[in-house]
file entry_24.txt (compact mmCIF, C-alpha atoms and all ligand atoms)
# COMPACT_ATOMS: atom_id res chain seq x y z
CA MET A 19 -78.34 -83.86 99.84
CA SER A 20 -79.20 -83.10 96.24
CA HIS A 21 -80.68 -85.92 94.18
CA LEU A 22 -79.04 -84.51 91.09
CA PHE A 23 -75.81 -86.00 89.82
CA ASP A 24 -72.99 -83.56 90.41
CA VAL A 25 -71.94 -82.23 87.01
CA TYR A 26 -71.47 -78.48 87.26
CA PRO A 27 -70.19 -76.20 90.02
CA LEU A 28 -73.24 -74.09 90.87
CA TYR A 29 -73.71 -70.58 92.16
CA ASP A 30 -76.28 -70.25 94.92
CA ILE A 31 -78.56 -68.18 92.70
CA GLU A 32 -81.75 -69.19 90.99
CA PRO A 33 -82.95 -66.94 88.20
CA VAL A 34 -86.73 -67.15 88.22
CA LYS A 35 -87.57 -64.40 85.75
CA ALA A 36 -85.83 -62.93 82.72
CA ARG A 37 -86.43 -60.19 80.13
CA GLY A 38 -84.05 -58.99 77.41
CA SER A 39 -80.59 -58.91 79.00
CA TYR A 40 -81.83 -58.96 82.59
CA LEU A 41 -82.52 -61.71 85.12
CA TRP A 42 -84.17 -61.71 88.54
CA ASP A 43 -83.36 -64.24 91.25
CA GLN A 44 -85.63 -65.87 93.82
CA HIS A 45 -85.26 -62.85 96.13
CA GLY A 46 -86.17 -60.32 93.44
CA THR A 47 -82.59 -59.13 92.92
CA LYS A 48 -81.95 -57.94 89.36
CA TYR A 49 -78.89 -59.03 87.35
CA THR A 50 -77.50 -57.88 84.01
CA ASP A 51 -76.73 -60.79 81.71
CA LEU A 52 -73.52 -60.48 79.69
CA TYR A 53 -73.27 -64.24 79.21
CA GLY A 54 -76.61 -65.12 77.59
CA GLY A 55 -76.62 -68.52 79.30
CA HIS A 56 -73.40 -69.38 77.39
CA ALA A 57 -74.26 -67.87 73.98
CA VAL A 58 -77.72 -69.44 73.99
CA ILE A 59 -79.87 -66.34 74.47
CA SER A 60 -79.60 -64.80 71.02
CA VAL A 61 -82.61 -62.47 70.70
CA GLY A 62 -83.04 -61.70 74.41
CA HIS A 63 -84.76 -63.52 77.25
CA CYS A 64 -88.52 -63.99 76.82
CA HIS A 65 -88.76 -61.82 73.70
CA PRO A 66 -92.52 -61.20 73.26
CA ALA A 67 -92.61 -62.42 69.62
CA TYR A 68 -90.68 -65.55 70.61
CA VAL A 69 -92.99 -66.28 73.55
CA ASP A 70 -95.98 -65.72 71.31
CA ALA A 71 -94.69 -68.05 68.56
CA LEU A 72 -93.95 -70.86 71.01
CA THR A 73 -97.27 -70.41 72.83
CA LYS A 74 -99.20 -70.56 69.55
CA GLN A 75 -97.31 -73.68 68.48
CA LEU A 76 -97.90 -75.34 71.83
CA HIS A 77 -101.62 -74.78 71.47
CA ALA A 78 -101.66 -76.13 67.89
CA ILE A 79 -99.42 -79.21 67.99
CA SER A 80 -96.15 -79.73 69.85
CA PHE A 81 -94.91 -83.07 68.54
CA TYR A 82 -95.60 -85.97 66.30
CA SER A 83 -92.77 -87.87 64.63
CA ASN A 84 -90.50 -87.70 61.64
CA SER A 85 -92.93 -89.80 59.59
CA VAL A 86 -95.14 -86.83 58.71
CA GLN A 87 -94.84 -83.48 56.95
CA ILE A 88 -93.75 -80.64 59.24
CA SER A 89 -93.84 -77.45 57.23
CA LYS A 90 -92.15 -75.44 60.01
CA GLN A 91 -88.96 -77.43 59.25
CA GLU A 92 -89.04 -76.26 55.64
CA GLU A 93 -89.74 -72.68 56.73
CA LEU A 94 -86.81 -72.78 59.15
CA ALA A 95 -84.42 -74.25 56.56
CA GLU A 96 -85.43 -71.71 53.94
CA LYS A 97 -85.12 -68.71 56.28
CA LEU A 98 -81.81 -69.97 57.69
CA GLY A 99 -80.37 -70.44 54.20
CA ALA A 100 -81.46 -66.95 53.17
CA LEU A 101 -80.25 -65.10 56.27
CA SER A 102 -76.95 -66.98 56.55
CA GLY A 103 -76.02 -66.61 52.88
CA TYR A 104 -76.21 -70.34 52.09
CA PRO A 105 -79.53 -70.63 50.23
CA ASP A 106 -78.48 -73.76 48.31
CA TYR A 107 -77.37 -75.72 51.39
CA ARG A 108 -79.81 -78.13 53.03
CA LEU A 109 -80.51 -78.47 56.73
CA PHE A 110 -80.43 -81.51 59.00
CA LEU A 111 -82.13 -80.85 62.32
CA CYS A 112 -81.15 -82.27 65.70
CA ASN A 113 -81.16 -81.15 69.33
CA SER A 114 -77.73 -79.94 70.43
CA GLY A 115 -74.28 -78.86 69.36
CA ALA A 116 -72.62 -82.17 70.15
CA GLU A 117 -75.28 -84.01 68.16
CA ALA A 118 -74.78 -81.67 65.21
CA ASN A 119 -71.04 -82.41 65.26
CA GLU A 120 -71.63 -86.17 65.56
CA ASN A 121 -73.80 -86.09 62.47
CA ALA A 122 -71.39 -83.89 60.53
CA LEU A 123 -68.55 -86.34 61.28
CA LYS A 124 -70.74 -89.27 60.22
CA LEU A 125 -71.71 -87.52 57.00
CA ALA A 126 -68.05 -86.81 56.21
CA SER A 127 -67.11 -90.41 56.82
CA PHE A 128 -69.96 -91.85 54.71
CA HIS A 129 -69.28 -89.35 51.96
CA THR A 130 -65.55 -90.07 51.67
CA GLY A 131 -65.41 -93.69 52.82
CA ARG A 132 -62.58 -92.67 55.17
CA LYS A 133 -62.42 -92.47 58.95
CA LYS A 134 -59.46 -90.31 60.02
CA VAL A 135 -60.16 -86.80 61.29
CA VAL A 136 -58.09 -83.66 61.83
CA ALA A 137 -58.99 -81.47 64.81
CA PHE A 138 -57.05 -78.67 66.52
CA THR A 139 -55.36 -77.88 69.80
CA ARG A 140 -57.71 -76.31 72.38
CA ALA A 141 -60.75 -77.42 70.34
CA PHE A 142 -64.10 -78.05 72.03
CA HIS A 143 -66.82 -79.86 70.09
CA GLY A 144 -69.12 -81.31 72.77
CA ARG A 145 -69.47 -84.20 75.18
CA THR A 146 -70.88 -87.12 73.19
CA ALA A 147 -68.43 -89.88 72.27
CA GLY A 148 -67.49 -88.68 68.78
CA ALA A 149 -67.49 -85.02 69.78
CA VAL A 150 -65.29 -85.80 72.79
CA ALA A 151 -62.85 -87.65 70.53
CA VAL A 152 -62.23 -84.45 68.52
CA THR A 153 -62.12 -82.27 71.67
CA ASP A 154 -58.62 -81.44 72.90
CA ASN A 155 -58.82 -82.54 76.53
CA PRO A 156 -56.10 -84.85 77.82
CA SER A 157 -58.07 -85.66 80.97
CA ILE A 158 -60.72 -87.60 79.05
CA VAL A 159 -59.58 -91.21 78.80
CA ALA A 160 -62.88 -93.11 78.75
CA PRO A 161 -63.05 -95.95 76.22
CA VAL A 162 -65.76 -94.11 74.28
CA ASN A 163 -63.18 -91.49 73.46
CA ASP A 164 -61.37 -93.39 70.73
CA THR A 165 -58.92 -90.81 69.48
CA SER A 166 -56.89 -93.28 67.44
CA HIS A 167 -58.33 -91.80 64.25
CA VAL A 168 -57.88 -88.19 65.33
CA THR A 169 -54.86 -85.97 64.74
CA PHE A 170 -54.67 -82.68 66.63
CA LEU A 171 -52.85 -80.00 64.65
CA PRO A 172 -51.86 -76.63 66.15
CA PHE A 173 -54.70 -74.09 65.79
CA ASN A 174 -53.99 -71.17 63.45
CA ASP A 175 -50.81 -72.78 62.07
CA VAL A 176 -50.99 -72.60 58.26
CA GLU A 177 -47.85 -74.67 57.61
CA ALA A 178 -48.92 -77.47 59.95
CA ALA A 179 -52.36 -77.57 58.29
CA LEU A 180 -50.91 -77.76 54.80
CA ALA A 181 -48.57 -80.58 55.83
CA GLY A 182 -50.91 -82.44 58.18
CA ILE A 183 -54.13 -82.85 56.17
CA THR A 184 -53.86 -85.82 53.79
CA ASP A 185 -56.08 -87.89 51.52
CA GLU A 186 -56.53 -90.35 54.39
CA HIS A 187 -58.72 -87.84 56.24
CA CYS A 188 -62.49 -87.77 55.91
CA ALA A 189 -62.88 -84.50 57.77
CA VAL A 190 -61.24 -81.42 59.22
CA ILE A 191 -63.30 -79.99 62.08
CA VAL A 192 -62.60 -76.49 63.35
CA GLU A 193 -64.29 -73.71 65.32
CA GLY A 194 -64.33 -70.34 63.54
CA ILE A 195 -63.56 -68.84 66.95
CA GLN A 196 -62.61 -71.25 69.71
CA GLY A 197 -64.92 -70.57 72.65
CA VAL A 198 -64.12 -72.96 75.48
CA GLY A 199 -60.47 -72.79 74.31
CA GLY A 200 -60.29 -69.12 75.34
CA ILE A 201 -61.86 -67.01 72.53
CA GLN A 202 -59.15 -67.72 69.97
CA VAL A 203 -60.03 -66.17 66.61
CA SER A 204 -58.98 -68.19 63.56
CA SER A 205 -56.97 -66.18 61.04
CA ASP A 206 -58.33 -65.77 57.51
CA ALA A 207 -55.12 -67.35 56.13
CA PHE A 208 -55.60 -70.40 58.37
CA LEU A 209 -59.21 -71.00 57.27
CA GLN A 210 -58.24 -70.42 53.63
CA ALA A 211 -55.41 -72.98 53.99
CA LEU A 212 -57.88 -75.51 55.44
CA ARG A 213 -60.21 -74.94 52.49
CA THR A 214 -57.37 -75.33 49.97
CA ARG A 215 -56.04 -78.46 51.59
CA CYS A 216 -59.51 -80.04 51.88
CA ASP A 217 -60.07 -79.36 48.17
CA GLU A 218 -56.74 -80.99 47.33
CA THR A 219 -57.25 -84.08 49.48
CA GLY A 220 -61.03 -84.57 49.26
CA ALA A 221 -61.46 -84.14 53.03
CA VAL A 222 -64.70 -82.52 54.19
CA LEU A 223 -64.37 -79.15 55.92
CA ILE A 224 -66.64 -78.87 58.98
CA LEU A 225 -67.02 -75.44 60.61
CA ASP A 226 -68.27 -75.86 64.16
CA SER A 227 -70.30 -72.68 64.53
CA VAL A 228 -72.13 -73.79 67.68
CA GLN A 229 -70.77 -70.95 69.82
CA CYS A 230 -69.35 -68.42 67.33
CA GLY A 231 -72.18 -68.68 64.78
CA TYR A 232 -75.74 -67.46 64.52
CA GLY A 233 -74.94 -63.79 64.12
CA ARG A 234 -72.76 -63.43 67.20
CA THR A 235 -69.80 -61.90 65.33
CA GLY A 236 -71.90 -59.56 63.21
CA LYS A 237 -71.77 -61.96 60.27
CA PHE A 238 -74.05 -64.98 60.40
CA PHE A 239 -71.03 -67.31 60.64
CA SER A 240 -67.63 -66.12 61.85
CA HIS A 241 -65.76 -67.83 58.99
CA GLN A 242 -67.54 -65.51 56.54
CA PHE A 243 -64.88 -62.88 57.28
CA SER A 244 -62.39 -65.15 55.50
CA GLY A 245 -64.56 -65.70 52.42
CA ILE A 246 -64.37 -69.51 52.57
CA HIS A 247 -67.30 -71.88 52.06
CA PRO A 248 -67.29 -74.93 54.33
CA ASP A 249 -68.87 -78.23 53.28
CA LEU A 250 -70.71 -78.61 56.57
CA MET A 251 -71.60 -76.08 59.26
CA THR A 252 -72.85 -77.13 62.68
CA MET A 253 -74.95 -74.94 64.93
CA ALA A 254 -77.07 -75.01 68.10
CA LYS A 255 -77.00 -72.60 71.10
CA GLY A 256 -78.47 -69.32 69.74
CA MET A 257 -80.59 -71.17 67.21
CA GLY A 258 -83.47 -71.66 69.68
CA ASN A 259 -82.88 -68.83 72.19
CA GLY A 260 -83.14 -71.42 74.97
CA PHE A 261 -85.24 -74.07 73.28
CA PRO A 262 -82.99 -77.09 72.49
CA ILE A 263 -82.32 -77.29 68.77
CA GLY A 264 -79.25 -77.98 66.64
CA GLY A 265 -78.54 -78.33 62.98
CA VAL A 266 -76.08 -79.09 60.22
CA LEU A 267 -76.06 -77.00 57.05
CA ILE A 268 -75.01 -79.34 54.26
CA SER A 269 -73.49 -78.29 50.92
CA PRO A 270 -75.20 -79.41 47.69
CA GLN A 271 -72.47 -81.97 46.94
CA PHE A 272 -73.93 -84.26 49.62
CA LYS A 273 -76.64 -86.15 47.82
CA ALA A 274 -78.02 -88.69 50.28
CA SER A 275 -78.41 -89.09 54.02
CA TYR A 276 -76.92 -92.61 53.80
CA GLY A 277 -79.68 -93.84 56.11
CA LEU A 278 -77.81 -93.18 59.32
CA LEU A 279 -78.93 -89.68 60.17
CA GLY A 280 -81.97 -89.07 62.32
CA THR A 281 -83.23 -88.50 65.83
CA THR A 282 -86.64 -88.71 67.49
CA PHE A 283 -86.88 -85.13 68.68
CA GLY A 284 -84.94 -83.41 65.89
CA GLY A 285 -87.05 -80.91 63.97
CA ASN A 286 -90.04 -81.13 66.30
CA HIS A 287 -92.76 -78.52 65.98
CA LEU A 288 -91.83 -76.54 69.07
CA ALA A 289 -88.11 -76.44 68.26
CA CYS A 290 -88.85 -75.27 64.73
CA ALA A 291 -91.29 -72.63 65.97
CA ALA A 292 -88.54 -71.34 68.28
CA GLY A 293 -86.03 -71.46 65.42
CA VAL A 294 -88.24 -69.55 63.00
CA ALA A 295 -89.10 -66.93 65.64
CA VAL A 296 -85.39 -66.36 66.35
CA LEU A 297 -84.58 -65.79 62.67
CA ASP A 298 -87.59 -63.50 62.19
CA ILE A 299 -86.58 -61.40 65.20
CA MET A 300 -82.93 -61.29 64.12
CA LYS A 301 -83.96 -59.95 60.73
CA GLU A 302 -86.68 -57.61 61.97
CA GLU A 303 -84.47 -56.01 64.62
CA ASN A 304 -81.21 -55.99 62.61
CA LEU A 305 -79.47 -57.93 65.34
CA LEU A 306 -76.37 -58.72 63.24
CA GLU A 307 -75.69 -55.00 62.93
CA ASN A 308 -76.33 -54.58 66.65
CA ALA A 309 -73.82 -57.36 67.36
CA THR A 310 -71.15 -55.49 65.37
CA ARG A 311 -72.01 -52.13 66.93
CA MET A 312 -72.23 -53.36 70.51
CA GLY A 313 -69.19 -55.59 70.07
CA ASP A 314 -67.13 -52.57 69.01
CA TYR A 315 -68.60 -50.55 71.88
CA LEU A 316 -67.68 -53.16 74.50
CA MET A 317 -64.20 -53.75 73.02
CA GLU A 318 -63.44 -50.01 72.99
CA GLY A 319 -64.65 -49.63 76.57
CA ILE A 320 -62.53 -52.58 77.72
CA ARG A 321 -59.49 -51.16 75.89
CA GLN A 322 -59.90 -47.86 77.71
CA ILE A 323 -60.02 -49.58 81.09
CA GLY A 324 -56.89 -51.62 80.26
CA GLY A 325 -55.09 -53.80 82.80
CA TYR A 326 -55.48 -56.95 80.71
CA LYS A 327 -52.89 -59.14 79.00
CA GLU A 328 -54.83 -59.69 75.79
CA LEU A 329 -58.25 -58.74 74.41
CA ARG A 330 -59.62 -61.17 71.83
CA GLY A 331 -62.83 -61.74 69.91
CA ARG A 332 -65.19 -60.46 67.30
CA GLY A 333 -68.60 -58.83 67.71
CA LEU A 334 -70.29 -60.16 70.83
CA MET A 335 -67.84 -63.00 71.45
CA ILE A 336 -65.22 -61.42 73.66
CA GLY A 337 -62.39 -62.80 75.79
CA ILE A 338 -60.37 -60.63 78.19
CA GLU A 339 -57.26 -62.45 79.36
CA TYR A 340 -55.54 -61.25 82.53
CA ASP A 341 -52.21 -62.08 84.18
CA PHE A 342 -54.11 -63.31 87.23
CA PRO A 343 -56.79 -66.01 87.73
CA VAL A 344 -60.20 -64.42 87.07
CA LYS A 345 -62.35 -66.45 89.46
CA GLU A 346 -62.41 -63.68 92.07
CA LEU A 347 -63.09 -61.01 89.44
CA ARG A 348 -66.01 -63.01 88.04
CA ASN A 349 -67.41 -63.53 91.55
CA LYS A 350 -67.12 -59.82 92.33
CA LEU A 351 -68.90 -58.93 89.09
CA LEU A 352 -71.67 -61.36 89.99
CA PHE A 353 -72.15 -60.81 93.71
CA GLU A 354 -71.20 -57.15 94.12
CA HIS A 355 -72.23 -55.72 90.76
CA LYS A 356 -75.00 -58.22 89.88
CA LEU A 357 -73.55 -59.02 86.46
CA PHE A 358 -73.41 -62.45 84.84
CA THR A 359 -70.22 -63.11 82.86
CA GLY A 360 -68.39 -66.32 81.97
CA VAL A 361 -64.82 -67.60 81.97
CA ALA A 362 -62.75 -69.53 79.44
CA GLY A 363 -59.91 -71.20 81.28
CA ALA A 364 -58.45 -69.75 84.46
CA HIS A 365 -57.35 -66.34 83.17
CA THR A 366 -60.00 -65.22 80.69
CA ILE A 367 -63.34 -63.49 81.28
CA ARG A 368 -65.77 -64.44 78.53
CA LEU A 369 -68.65 -62.28 77.30
CA LEU A 370 -71.43 -63.79 75.16
CA PRO A 371 -74.39 -61.46 75.63
CA SER A 372 -77.63 -61.56 73.68
CA LEU A 373 -77.32 -60.06 70.19
CA ALA A 374 -79.90 -57.50 71.33
CA VAL A 375 -77.76 -56.19 74.21
CA GLY A 376 -77.80 -52.40 74.56
CA THR A 377 -75.51 -49.62 75.82
CA GLU A 378 -77.18 -49.56 79.24
CA GLU A 379 -76.16 -53.16 79.94
CA ALA A 380 -72.73 -52.64 78.37
CA ASP A 381 -72.12 -49.52 80.48
CA ALA A 382 -73.11 -51.36 83.66
CA PHE A 383 -70.47 -53.98 82.82
CA LEU A 384 -67.77 -51.46 81.87
CA GLN A 385 -68.30 -49.44 85.02
CA ALA A 386 -68.11 -52.52 87.22
CA LEU A 387 -65.03 -53.81 85.40
CA GLU A 388 -63.28 -50.48 85.79
CA THR A 389 -63.96 -50.43 89.54
CA GLU A 390 -62.72 -53.99 90.05
CA ILE A 391 -59.66 -53.72 87.79
CA HIS A 392 -58.69 -50.58 89.65
CA VAL A 393 -58.81 -52.44 92.97
CA LEU A 394 -57.10 -55.57 91.64
CA THR A 395 -54.22 -53.86 89.87
CA LYS A 396 -53.45 -50.97 92.25
N1 LIG A 401 -69.18 -76.96 69.87
C1 LIG A 401 -68.83 -75.81 70.46
C2 LIG A 401 -67.89 -74.88 69.75
C3 LIG A 401 -69.34 -75.48 71.73
O1 LIG A 401 -68.97 -74.34 72.33
C4 LIG A 401 -70.25 -76.37 72.35
C5 LIG A 401 -70.87 -76.06 73.71
N2 LIG A 401 -70.11 -75.34 74.58
C6 LIG A 401 -70.58 -77.55 71.68
C7 LIG A 401 -70.04 -77.82 70.45
C8 LIG A 401 -71.53 -78.56 72.31
O2 LIG A 401 -72.82 -78.09 72.28
P1 LIG A 401 -73.95 -78.78 73.20
O3 LIG A 401 -73.58 -78.50 74.62
O4 LIG A 401 -75.22 -78.14 72.74
O5 LIG A 401 -73.89 -80.23 72.89
call {"tool": "encode", "arguments": {"input": "entry_24.txt", "output": "structure tokens"}}
result
Amino acid sequence: MSHLFDVYPLYDIEPVKARGSYLWDQHGTKYTDLYGGHAVISVGHCHPAYVDALTKQLHAISFYSNSVQISKQEELAEKLGALSGYPDYRLFLCNSGAEANENALKLASFHTGRKKVVAFTRAFHGRTAGAVAVTDNPSIVAPVNDTSHVTFLPFNDVEAALAGITDEHCAVIVEGIQGVGGIQVSSDAFLQALRTRCDETGAVLILDSVQCGYGRTGKFFSHQFSGIHPDLMTMAKGMGNGFPIGGVLISPQFKASYGLLGTTFGGNHLACAAGVAVLDIMKEENLLENATRMGDYLMEGIRQIGGYKELRGRGLMIGIEYDFPVKELRNKLLFEHKLFTGVAGAHTIRLLPSLAVGTEEADAFLQALETEIHVLTK
């Protein structure tokens, strides 16, 4: 019997070594990673410059508290602002995506003095109480999930957004591309309508960029295709390439922290060293361009294979929806072709590889997919 509380269904595989977009299990079997540990591995597993930066930091100082100067925080905020295109926004540091969303919701509420929130159908924002309340999951009925202040509007519906957001709302929270909800890409018109309506009503626009952000789509944030500027942007996953770190980018209109932000581990030396290393590598290796190039390459390859119902996504955030449940397909890819992929719902294969993924890994996936689709659809 395992002493661990049963939370996730587990494959009987233990990766014990990883490099770039490859993993090795306890028996020495090699796997290609098209899932990046759920969009977390941004610059590749065990990138030498990343390992070096963390090792150096560990030898210098790994933690103190938020009562002292930590110049790595400043360095991270400055580099993040510059690379993302938001140099005048300020950064709040925390440890996860859910925590980033919690703090963004709190900031919106303090800032406006209101407490109602608009979220969207199929949204996923995390598993802490506030984040669960804005997540569209009818099976969650715990008392911590007080949804009485939350209205769920249909995702990508401009008319509903224009009518549904009022001056009673403190915040509108939306994913630029819904990840858990099946790789649903928000339309430019939808995001622009949210921005307009938030300006008219004084509601704060929060872009949850935890999964779709950090360069994955070829732009730093996926909403940048639409030209809008959110008030708050939340991030985590790829920010630390495996080291837990999250953040909220906060527009200049927010003056104070209102005393209720903060967390013991947020902004610790090791997390910041990981965060700075990730940004340096992304810039040095032009990983945003690689995300665009390899995203197009994968999409084109998938299109040529065909057999799907719908292909969705942008850059290296790809969903392939089929008419049939994809559990067996995912298992075949894993056990017969030694390829890690993910799913989003019962019918969609989800790809979230490292931004440094290359044609060799992509070709291995495309070849395996072609073989399996051929068998499944013949
Ligand atoms: N927001 C989105 C869009 C996510 O995809 C996730 C994680 N799947 C989260 C928030 C929660 O992040 P974390 O698990 O780091 O709390």
call {"tool": "residues_near_ligand", "arguments": {"input": "entry_24.txt", "ligand": "ligand LIG 401 (chain A)", "cutoff": "6 Å", "atoms": "only C-alpha atoms and all ligand atoms", "output": "MDAnalysis selection string"}}
result
chainID A and resid 114:116 142:144 193 197:198 226 228:229 254
call {"tool": "residues_around", "arguments": {"input": "entry_24.txt", "residues": "region 379-383 of chain A", "least_positions_apart": "5", "cutoff": "8 Å", "atoms": "all atoms listed in the file", "output": "list in words"}}
result
Ser39, Thr50, Asp51, Leu52, Met312, Tyr315, Leu316 and Leu357 of chain A
call {"tool": "closest_residue", "arguments": {"input": "entry_24.txt", "among": "A:Val296, A:Ile195, A:Val86, A:Leu352", "to": "Gly333 (chain A)", "atoms": "only C-alpha atoms"}}
result
A:Ile195
call {"tool": "residues_around", "arguments": {"input": "entry_24.txt", "residues": "Val136 (chain A)", "least_positions_apart": "5", "cutoff": "8 Å", "atoms": "all atoms listed in the file", "output": "list in words"}}
result
Val152, Val168, Thr169, Phe170, Leu171, Ile183, His187, Ala189, Val190 and Ile191 of chain A
call {"tool": "residues_around", "arguments": {"input": "entry_24.txt", "residues": "Val266 (chain A)", "least_positions_apart": "3", "cutoff": "6 Å", "atoms": "all atoms listed in the file", "output": "list in words"}}
result
Leu109, Phe110, Ala118, Met251 and Thr252 of chain A
call {"tool": "residues_around", "arguments": {"input": "entry_24.txt", "residues": "Leu394 (chain A)", "least_positions_apart": "5", "cutoff": "12 Å", "atoms": "all atoms listed in the file", "output": "VMD selection string"}}
result
chain A and resid 325 to 326 340 to 344 346 to 347 350 387 to 389
call {"tool": "build_atoms", "arguments": {"input": "entry_24.txt", "residues": "region 376-392 of chain A", "atoms": "N, CA and C atoms", "output": "CSV table (one decimal), in the coordinates of the input"}}
result
chain,number,residue,atom,x,y,z
A,376,GLY,N,-77.9,-53.8,74.8
A,376,GLY,CA,-77.8,-52.4,74.6
A,376,GLY,C,-76.7,-51.7,75.4
A,377,THR,N,-76.6,-50.4,75.2
A,377,THR,CA,-75.5,-49.6,75.8
A,377,THR,C,-75.7,-49.6,77.3
A,378,GLU,N,-76.9,-49.6,77.8
A,378,GLU,CA,-77.2,-49.6,79.2
A,378,GLU,C,-76.5,-50.8,79.9
A,379,GLU,N,-76.7,-51.9,79.4
A,379,GLU,CA,-76.2,-53.2,79.9
A,379,GLU,C,-74.6,-53.1,79.8
A,380,ALA,N,-74.2,-52.7,78.6
A,380,ALA,CA,-72.7,-52.6,78.4
A,380,ALA,C,-72.1,-51.7,79.4
A,381,ASP,N,-72.7,-50.5,79.6
A,381,ASP,CA,-72.1,-49.5,80.5
A,381,ASP,C,-72.1,-50.0,81.9
A,382,ALA,N,-73.1,-50.8,82.3
A,382,ALA,CA,-73.1,-51.4,83.7
A,382,ALA,C,-71.9,-52.3,83.8
A,383,PHE,N,-71.6,-53.1,82.8
A,383,PHE,CA,-70.5,-54.0,82.8
A,383,PHE,C,-69.2,-53.2,82.9
A,384,LEU,N,-69.0,-52.2,82.0
A,384,LEU,CA,-67.8,-51.5,81.9
A,384,LEU,C,-67.5,-50.7,83.2
A,385,GLN,N,-68.5,-50.2,83.8
A,385,GLN,CA,-68.3,-49.4,85.0
A,385,GLN,C,-67.8,-50.4,86.1
A,386,ALA,N,-68.5,-51.5,86.2
A,386,ALA,CA,-68.1,-52.5,87.2
A,386,ALA,C,-66.7,-53.0,87.0
A,387,LEU,N,-66.4,-53.3,85.7
A,387,LEU,CA,-65.0,-53.8,85.4
A,387,LEU,C,-64.0,-52.8,85.8
A,388,GLU,N,-64.2,-51.5,85.5
A,388,GLU,CA,-63.3,-50.5,85.8
A,388,GLU,C,-63.0,-50.4,87.3
A,389,THR,N,-64.1,-50.5,88.1
A,389,THR,CA,-64.0,-50.4,89.5
A,389,THR,C,-63.1,-51.6,90.0
A,390,GLU,N,-63.4,-52.8,89.5
A,390,GLU,CA,-62.7,-54.0,90.0
A,390,GLU,C,-61.3,-54.1,89.6
A,391,ILE,N,-61.0,-53.7,88.3
A,391,ILE,CA,-59.7,-53.7,87.8
A,391,ILE,C,-58.8,-52.7,88.5
A,392,HIS,N,-59.4,-51.6,88.9
A,392,HIS,CA,-58.7,-50.6,89.6
A,392,HIS,C,-58.2,-51.2,91.0
